[in-house]
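Undergrad: Shown below is the structure under consideration.
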Amino acid sequence: MLKHKFKNGFMGLVLVGCLTSGTVLAEMVVITHPSSDTESLTMAEAKALFLKKKSSFPSGSDAVPGNQTEGSAIYDEFGKKVLKKKPQQLSSYWSKRVFSGKAMPPKVIGDDQAIKAWVAQTPGSLGYVDAGVVDDSVKVLLRVP
Amino acid sequence: MKKCKPTYTAVVAALTLGAIYSGQAMAEDWTDQVTIGGFTSAVYQVTDQAEHFNGEEGITEDGSFQGTRMGLNINARLSDKVTMASQFLAIQGEDNYVTHLDWGFISYALSEEWTLRAGKIKYPAGIVNEYVAVGTLYPWIAPPTLLYTAEDSGPQATREAYTGFSGLWEHSIDDWTVGSDLFFGEVDLGSMIVRKLSGLTLRADWNEVFQAQATTFSGTMDNPAMAAMDGEKHAATLFGVKMDWNNVIGLAEWADVDMGSFTAGAGQTWYTTLGYRIDRWMPHVTYQDYEKGLTSMSPQEQHMTTYGLKYDLSRNTSLKVEYSTIETEQGTGLFTGSVDKSANMYGVAIDVTF
């Protein structure tokens, strides 16, 4: 009985936390233009492309990554899960690259809808969005649970 | 830090404007091709000594704003393979701010892993030297002075920038990135030019958590005003490691400098830093050691211990306070004259990137 109450209480807390924090995300997906000859990406390949350590898809065609707004929940979540960096580390990574003249960060496109619209009309583009917004206008290359 | 020649500044400024113009002409939206960033640091430090620490315009008991600066960084993509990068820096001078081109170069991507660079390039010796002016990127008010100082009284293990060419290689495998930087050129220090400078930097990085860097370089000093240095070699070897793991921050670097038969210029310097990140706070401690010309007529030996606290006001703004003790065992070290064997230094700074 006590165990049952504890379980219910715990689930309630989790639910309240999910509803109030606004930072718990569903599945994210990495997307590209439907005309791309690339069918999928590994986590490591996505990481290399978004950190600008690689500039082309595994097929050899040029890749142009676009970013969500810095500081947004999905930006931080993608940073932790795919780029393997905490927000401060990611900010520091790009500052070091920019202020030593070695690389420019991906252009900030905006939120999920802006990224999806940009990817849908830009061949070679690469973005990440909440899986819930995806439709036939873009191709999914990687699912990030 | 030294002002660059006006003619060179004009040439690179023209290249910068040309690059931006080309970017505009090339793209529908020029912001796709050009990135503009900046940083600023306001620094105040004071010692309990009458002599200046770290140069003629350095820190005394009267206090100093040395290190206060503002930088503007412009990077432009001219084509798929060609980019231009530059950084202008305004620093607190004797009476006013002095603006100069910190670095500015053109890059040509030979492949995904190989890049050729030409122009005024940031010196790749010292693990934080390529972004040494950007205060938010390290825990201290200034990188360990006994290694990073640009003053002649220091070890001269690293420099602000060199003019020349660089071949940059970078290879990524999963979470590892390894790279090298083969460079050639010269450094104009005003009173002296280091010519025929060549060097190699090797880097390894695991996910930005562990980093290691080694550099070796050698050049020839052209200094007609000082016969003992003129024609002698200026060589150095540096090793550095950096860690940012589970809120523990650690850095350690060691440098050895050789100036041939000019024994007063030969020396070693090293430091180690340990810090711990607690949410937005980071207390840290650094110990530095510096020896130069121990076999010469003017031996120098100095140690420095710094206790610091960094507080991140936001992702791009940091507030720092520090207290240091400076022990001068032989000579005057980085002081401009005789001082107490044990000196104290206090500092506060705010760093911003934008």
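Identifiers in the structure tokens: chain A, B, ... in order shown; residue index from 1 per chain; ligand index from 1 in order shown.
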Counting only C-alpha atoms, a student should be able to say which residues of chain B come within 6 Å of chain A; what is the right answer, written as a VMD selection string?
TA: chain B and resid 85 130 to 131 174
Undergrad: Report as a PyMOL selection string all protein, DNA and RNA residues lying within 12 Å of Phe57 in chain A, evaluated on only C-alpha atoms, omitting residues in the same chain fewer than 2 positions from it.
TA: (chain A and resi 32+36-42+44-50+52-55+59-65+124-126+141) or (chain B and resi 112)
Undergrad: For those residues, write N, CA and C atoms to a file as a PDB file, in the first residue's frame.
TA:
```pdb
ATOM      1  N   THR A  32      16.530  16.702 -43.610  1.00  0.00           N
ATOM      2  CA  THR A  32      17.170  17.332 -44.768  1.00  0.00           C
ATOM      3  C   THR A  32      16.122  17.506 -45.873  1.00  0.00           C
ATOM      4  N   SER A  36      17.632  14.981 -51.202  1.00  0.00           N
ATOM      5  CA  SER A  36      18.960  14.514 -50.789  1.00  0.00           C
ATOM      6  C   SER A  36      19.155  13.042 -51.125  1.00  0.00           C
ATOM      7  N   ASP A  37      20.393  12.701 -51.557  1.00  0.00           N
ATOM      8  CA  ASP A  37      20.694  11.300 -51.843  1.00  0.00           C
ATOM      9  C   ASP A  37      21.139  10.562 -50.585  1.00  0.00           C
ATOM     10  N   THR A  38      21.162  11.253 -49.458  1.00  0.00           N
ATOM     11  CA  THR A  38      21.499  10.610 -48.175  1.00  0.00           C
ATOM     12  C   THR A  38      20.218  10.108 -47.534  1.00  0.00           C
ATOM     13  N   GLU A  39      20.245   8.839 -47.088  1.00  0.00           N
ATOM     14  CA  GLU A  39      19.037   8.240 -46.517  1.00  0.00           C
ATOM     15  C   GLU A  39      19.049   8.234 -44.999  1.00  0.00           C
ATOM     16  N   SER A  40      20.251   8.243 -44.408  1.00  0.00           N
ATOM     17  CA  SER A  40      20.318   8.229 -42.946  1.00  0.00           C
ATOM     18  C   SER A  40      21.679   8.757 -42.482  1.00  0.00           C
ATOM     19  N   LEU A  41      21.727   9.145 -41.216  1.00  0.00           N
ATOM     20  CA  LEU A  41      22.973   9.590 -40.591  1.00  0.00           C
ATOM     21  C   LEU A  41      23.129   8.854 -39.272  1.00  0.00           C
ATOM     22  N   THR A  42      24.365   8.597 -38.885  1.00  0.00           N
ATOM     23  CA  THR A  42      24.601   8.089 -37.538  1.00  0.00           C
ATOM     24  C   THR A  42      24.694   9.289 -36.597  1.00  0.00           C
ATOM     25  N   ALA A  44      27.207  10.019 -34.730  1.00  0.00           N
ATOM     26  CA  ALA A  44      28.549  10.600 -34.876  1.00  0.00           C
ATOM     27  C   ALA A  44      28.631  11.491 -36.113  1.00  0.00           C
ATOM     28  N   GLU A  45      27.964  11.052 -37.218  1.00  0.00           N
ATOM     29  CA  GLU A  45      27.987  11.858 -38.445  1.00  0.00           C
ATOM     30  C   GLU A  45      27.221  13.165 -38.243  1.00  0.00           C
ATOM     31  N   ALA A  46      26.081  13.081 -37.548  1.00  0.00           N
ATOM     32  CA  ALA A  46      25.314  14.304 -37.275  1.00  0.00           C
ATOM     33  C   ALA A  46      26.112  15.254 -36.403  1.00  0.00           C
ATOM     34  N   LYS A  47      26.778  14.696 -35.415  1.00  0.00           N
ATOM     35  CA  LYS A  47      27.592  15.524 -34.507  1.00  0.00           C
ATOM     36  C   LYS A  47      28.691  16.259 -35.284  1.00  0.00           C
ATOM     37  N   ALA A  48      29.396  15.521 -36.150  1.00  0.00           N
ATOM     38  CA  ALA A  48      30.489  16.130 -36.921  1.00  0.00           C
ATOM     39  C   ALA A  48      29.977  17.241 -37.837  1.00  0.00           C
ATOM     40  N   LEU A  49      28.793  17.051 -38.419  1.00  0.00           N
ATOM     41  CA  LEU A  49      28.241  18.062 -39.337  1.00  0.00           C
ATOM     42  C   LEU A  49      27.784  19.312 -38.574  1.00  0.00           C
ATOM     43  N   PHE A  50      27.104  19.133 -37.446  1.00  0.00           N
ATOM     44  CA  PHE A  50      26.613  20.299 -36.705  1.00  0.00           C
ATOM     45  C   PHE A  50      27.725  21.028 -35.950  1.00  0.00           C
ATOM     46  N   LYS A  52      30.561  21.417 -37.414  1.00  0.00           N
ATOM     47  CA  LYS A  52      31.350  21.898 -38.555  1.00  0.00           C
ATOM     48  C   LYS A  52      32.722  21.226 -38.636  1.00  0.00           C
ATOM     49  N   LYS A  53      32.798  19.986 -38.113  1.00  0.00           N
ATOM     50  CA  LYS A  53      34.032  19.240 -38.282  1.00  0.00           C
ATOM     51  C   LYS A  53      34.017  18.497 -39.614  1.00  0.00           C
ATOM     52  N   LYS A  54      32.847  18.326 -40.172  1.00  0.00           N
ATOM     53  CA  LYS A  54      32.669  17.820 -41.537  1.00  0.00           C
ATOM     54  C   LYS A  54      31.762  18.807 -42.263  1.00  0.00           C
ATOM     55  N   SER A  55      31.962  18.919 -43.580  1.00  0.00           N
ATOM     56  CA  SER A  55      31.144  19.859 -44.337  1.00  0.00           C
ATOM     57  C   SER A  55      30.331  19.181 -45.429  1.00  0.00           C
ATOM     58  N   SER A  59      27.648  10.841 -48.494  1.00  0.00           N
ATOM     59  CA  SER A  59      27.620  10.621 -49.944  1.00  0.00           C
ATOM     60  C   SER A  59      28.579  11.549 -50.681  1.00  0.00           C
ATOM     61  N   GLY A  60      29.063  12.591 -50.005  1.00  0.00           N
ATOM     62  CA  GLY A  60      29.995  13.529 -50.627  1.00  0.00           C
ATOM     63  C   GLY A  60      29.382  14.863 -50.990  1.00  0.00           C
ATOM     64  N   SER A  61      28.061  14.959 -50.991  1.00  0.00           N
ATOM     65  CA  SER A  61      27.429  16.243 -51.328  1.00  0.00           C
ATOM     66  C   SER A  61      27.516  17.218 -50.150  1.00  0.00           C
ATOM     67  N   ASP A  62      27.564  18.524 -50.471  1.00  0.00           N
ATOM     68  CA  ASP A  62      27.730  19.551 -49.443  1.00  0.00           C
ATOM     69  C   ASP A  62      26.547  19.572 -48.476  1.00  0.00           C
ATOM     70  N   ALA A  63      26.865  19.793 -47.199  1.00  0.00           N
ATOM     71  CA  ALA A  63      25.827  19.881 -46.165  1.00  0.00           C
ATOM     72  C   ALA A  63      25.875  21.266 -45.531  1.00  0.00           C
ATOM     73  N   VAL A  64      24.715  21.892 -45.398  1.00  0.00           N
ATOM     74  CA  VAL A  64      24.636  23.219 -44.770  1.00  0.00           C
ATOM     75  C   VAL A  64      23.719  23.125 -43.545  1.00  0.00           C
ATOM     76  N   PRO A  65      24.300  22.972 -42.343  1.00  0.00           N
ATOM     77  CA  PRO A  65      23.455  22.862 -41.155  1.00  0.00           C
ATOM     78  C   PRO A  65      22.877  24.212 -40.736  1.00  0.00           C
ATOM     79  N   GLY A 124      20.400  20.439 -49.721  1.00  0.00           N
ATOM     80  CA  GLY A 124      21.677  20.369 -48.994  1.00  0.00           C
ATOM     81  C   GLY A 124      21.584  20.810 -47.552  1.00  0.00           C
ATOM     82  N   SER A 125      20.446  21.340 -47.159  1.00  0.00           N
ATOM     83  CA  SER A 125      20.308  21.840 -45.786  1.00  0.00           C
ATOM     84  C   SER A 125      20.155  20.695 -44.797  1.00  0.00           C
ATOM     85  N   LEU A 126      20.395  21.026 -43.550  1.00  0.00           N
ATOM     86  CA  LEU A 126      20.336  20.041 -42.478  1.00  0.00           C
ATOM     87  C   LEU A 126      19.838  20.753 -41.223  1.00  0.00           C
ATOM     88  N   LEU A 141      16.591  11.902 -41.387  1.00  0.00           N
ATOM     89  CA  LEU A 141      17.838  11.155 -41.499  1.00  0.00           C
ATOM     90  C   LEU A 141      18.233  10.442 -40.209  1.00  0.00           C
TER      91      LEU A 141
ATOM     92  N   GLU B 112      38.448  18.523 -46.747  1.00  0.00           N
ATOM     93  CA  GLU B 112      37.729  18.654 -45.473  1.00  0.00           C
ATOM     94  C   GLU B 112      38.686  18.732 -44.298  1.00  0.00           C
TER      95      GLU B 112
END
```
Undergrad: For CA of Gln33 in chain B and CA of Thr317 in chain B, quote the distance in Å rounded to one decimal.
TA: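 CA of Thr317 in chain B lies 26.5 Å from CA of Gln33 in chain B.
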Undergrad: Would you mind listing what lies within 7 Å of Thr35 in chain B as a list in words, with only C-alpha atoms counted and same-chain residues fewer than 2 positions away left out?
TA: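 Returned residues: Met104 of chain A; Thr31, Gln33, Gly37, Ile74, Asn75 and Ala76 of chain B.
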Undergrad: Please save N, CA and C atoms of the selected residues as a PDB file, in the first residue's frame.
TA:
```pdb
ATOM      1  N   MET A 104      32.846  29.131 -38.530  1.00  0.00           N
ATOM      2  CA  MET A 104      31.656  29.897 -38.163  1.00  0.00           C
ATOM      3  C   MET A 104      30.576  28.908 -37.738  1.00  0.00           C
TER       4      MET A 104
ATOM      5  N   THR B  31      24.173  37.834 -44.692  1.00  0.00           N
ATOM      6  CA  THR B  31      24.433  37.320 -43.348  1.00  0.00           C
ATOM      7  C   THR B  31      24.743  35.824 -43.369  1.00  0.00           C
ATOM      8  N   GLN B  33      26.993  34.676 -45.206  1.00  0.00           N
ATOM      9  CA  GLN B  33      28.421  34.604 -45.514  1.00  0.00           C
ATOM     10  C   GLN B  33      29.305  35.286 -44.485  1.00  0.00           C
ATOM     11  N   GLY B  37      31.322  39.037 -34.481  1.00  0.00           N
ATOM     12  CA  GLY B  37      31.234  38.790 -33.041  1.00  0.00           C
ATOM     13  C   GLY B  37      32.141  39.756 -32.307  1.00  0.00           C
ATOM     14  N   ILE B  74      35.526  39.573 -37.323  1.00  0.00           N
ATOM     15  CA  ILE B  74      34.752  39.469 -38.564  1.00  0.00           C
ATOM     16  C   ILE B  74      35.263  38.278 -39.364  1.00  0.00           C
ATOM     17  N   ASN B  75      34.381  37.324 -39.597  1.00  0.00           N
ATOM     18  CA  ASN B  75      34.711  36.167 -40.428  1.00  0.00           C
ATOM     19  C   ASN B  75      33.792  36.183 -41.642  1.00  0.00           C
ATOM     20  N   ALA B  76      34.366  35.973 -42.817  1.00  0.00           N
ATOM     21  CA  ALA B  76      33.547  36.005 -44.033  1.00  0.00           C
ATOM     22  C   ALA B  76      33.890  34.818 -44.933  1.00  0.00           C
TER      23      ALA B  76
END
```
Undergrad: Mind the document's chain letters and residue numbers, and return as an MDAnalysis selection string the residues of range 50-280 of chain B that DSSP labels strand (DSSP E or B).
TA: chainID B and resid 53 59 64 69:77 82:92 97:109 114:122 161:173 176:188 193:206 210:222 233:245 248:258 267:276 278
Undergrad: What does the distance from CA of Leu116 in chain B to CA of Ala212 in chain B come to in Å, to one decimal?
TA: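 If I compute the distance from CA of Leu116 in chain B to CA of Ala212 in chain B, I get 22.5 Å.
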Undergrad: Show me, as a short mmCIF file (atom, residue, chain, number, x, y, z; two decimals) with C-alpha atoms, in the first residue's frame, the residues that have an atom within 9 Å of Ala252 in chain B when counting only C-alpha atoms, minus same-chain residues fewer than 3 positions from it.
TA:
```
data_model
loop_
_atom_site.label_atom_id
_atom_site.label_comp_id
_atom_site.auth_asym_id
_atom_site.auth_seq_id
_atom_site.Cartn_x
_atom_site.Cartn_y
_atom_site.Cartn_z
CA PHE B 239 53.34 21.11 -23.65
CA GLY B 240 49.86 21.67 -22.29
CA VAL B 241 46.85 19.68 -21.09
CA LYS B 242 43.36 20.84 -20.28
CA TRP B 270 55.08 26.24 -16.00
CA TYR B 271 51.78 26.52 -14.24
CA THR B 272 48.96 24.35 -13.07
CA THR B 273 45.34 25.33 -12.40
CA LEU B 274 42.60 23.43 -10.62
#
```
Undergrad: DSSP on the backbone: what in range 53-139 of chain A comes out helix (DSSP H, G or I), as a count of residues only?
TA: 33
Undergrad: List the spatial neighbours of Ala150 in chain B as a list in words - criterion: any atom at most 12 Å away, only C-alpha atoms, same-chain residues fewer than 4 positions off excluded.
TA: Met1, Lys2, Asn54, Gly55, Glu56, Gly58, Gly67, Tyr123, Asn129, Val132, Pro143, Pro144, Thr145, Leu146, Gly154, Pro155, Gln156, Ala157, Thr158, Arg159, Glu160, Ala161, Leu189 and Leu334 of chain B
Undergrad: Please, what distance in Å, to one decimal, runs between CA of Arg203 in chain B and CA of Gly179 in chain B?
TA: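 Between CA of Arg203 in chain B and CA of Gly179 in chain B the gap works out to 5.1 Å.
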Undergrad: Nearest to Ile141 in chain B: which of B:Met226, B:Ile59, B:Ile249, B:Val43 is it, counting only C-alpha atoms?
TA: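 Residue with the minimum atom-to-atom distance to Ile141 in chain B: B:Val43.
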Undergrad: Can you list, as a PDB file with C-alpha atoms, in the first residue's frame, every protein, DNA or RNA residue that comes within 12 Å of Gln121 in chain A when you count only C-alpha atoms, leaving out same-chain residues fewer than 2 positions away?
TA:
```
ATOM      1  CA  THR A  32      17.170  17.332 -44.768  1.00  0.00           C
ATOM      2  CA  HIS A  33      15.681  18.319 -48.138  1.00  0.00           C
ATOM      3  CA  PRO A  34      13.636  15.514 -49.759  1.00  0.00           C
ATOM      4  CA  SER A  35      15.895  15.545 -52.837  1.00  0.00           C
ATOM      5  CA  SER A  36      18.960  14.514 -50.789  1.00  0.00           C
ATOM      6  CA  ALA A 114      11.193  27.917 -39.290  1.00  0.00           C
ATOM      7  CA  ILE A 115      13.732  25.087 -39.533  1.00  0.00           C
ATOM      8  CA  LYS A 116      11.252  22.800 -41.274  1.00  0.00           C
ATOM      9  CA  ALA A 117      10.307  25.509 -43.791  1.00  0.00           C
ATOM     10  CA  TRP A 118      13.971  26.369 -44.458  1.00  0.00           C
ATOM     11  CA  VAL A 119      14.990  22.712 -44.921  1.00  0.00           C
ATOM     12  CA  PRO A 123      18.669  21.525 -51.052  1.00  0.00           C
ATOM     13  CA  GLY A 124      21.677  20.369 -48.994  1.00  0.00           C
ATOM     14  CA  SER A 125      20.308  21.840 -45.786  1.00  0.00           C
ATOM     15  CA  LEU A 126      20.336  20.041 -42.478  1.00  0.00           C
ATOM     16  CA  SER A 137       8.123  18.314 -47.025  1.00  0.00           C
ATOM     17  CA  VAL A 138      11.342  17.070 -45.391  1.00  0.00           C
ATOM     18  CA  LYS A 139      13.306  13.800 -45.157  1.00  0.00           C
TER      19      LYS A 139
END
```
Undergrad: Contacts of range 103-107 of chain B at 8 Å or less, counting only C-alpha atoms, minus same-chain residues fewer than 3 places along, as a PyMOL selection string?
TA: chain B and resi 12+81-88+115-122+161
Undergrad: Which residue gives the smallest distance to Glu27 in chain A among A:Ala120, A:Leu51, A:Ile74, A:Ile109, with only C-alpha atoms counted?
TA: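 Answer, going by the shortest atom-to-atom distance: A:Ile74.
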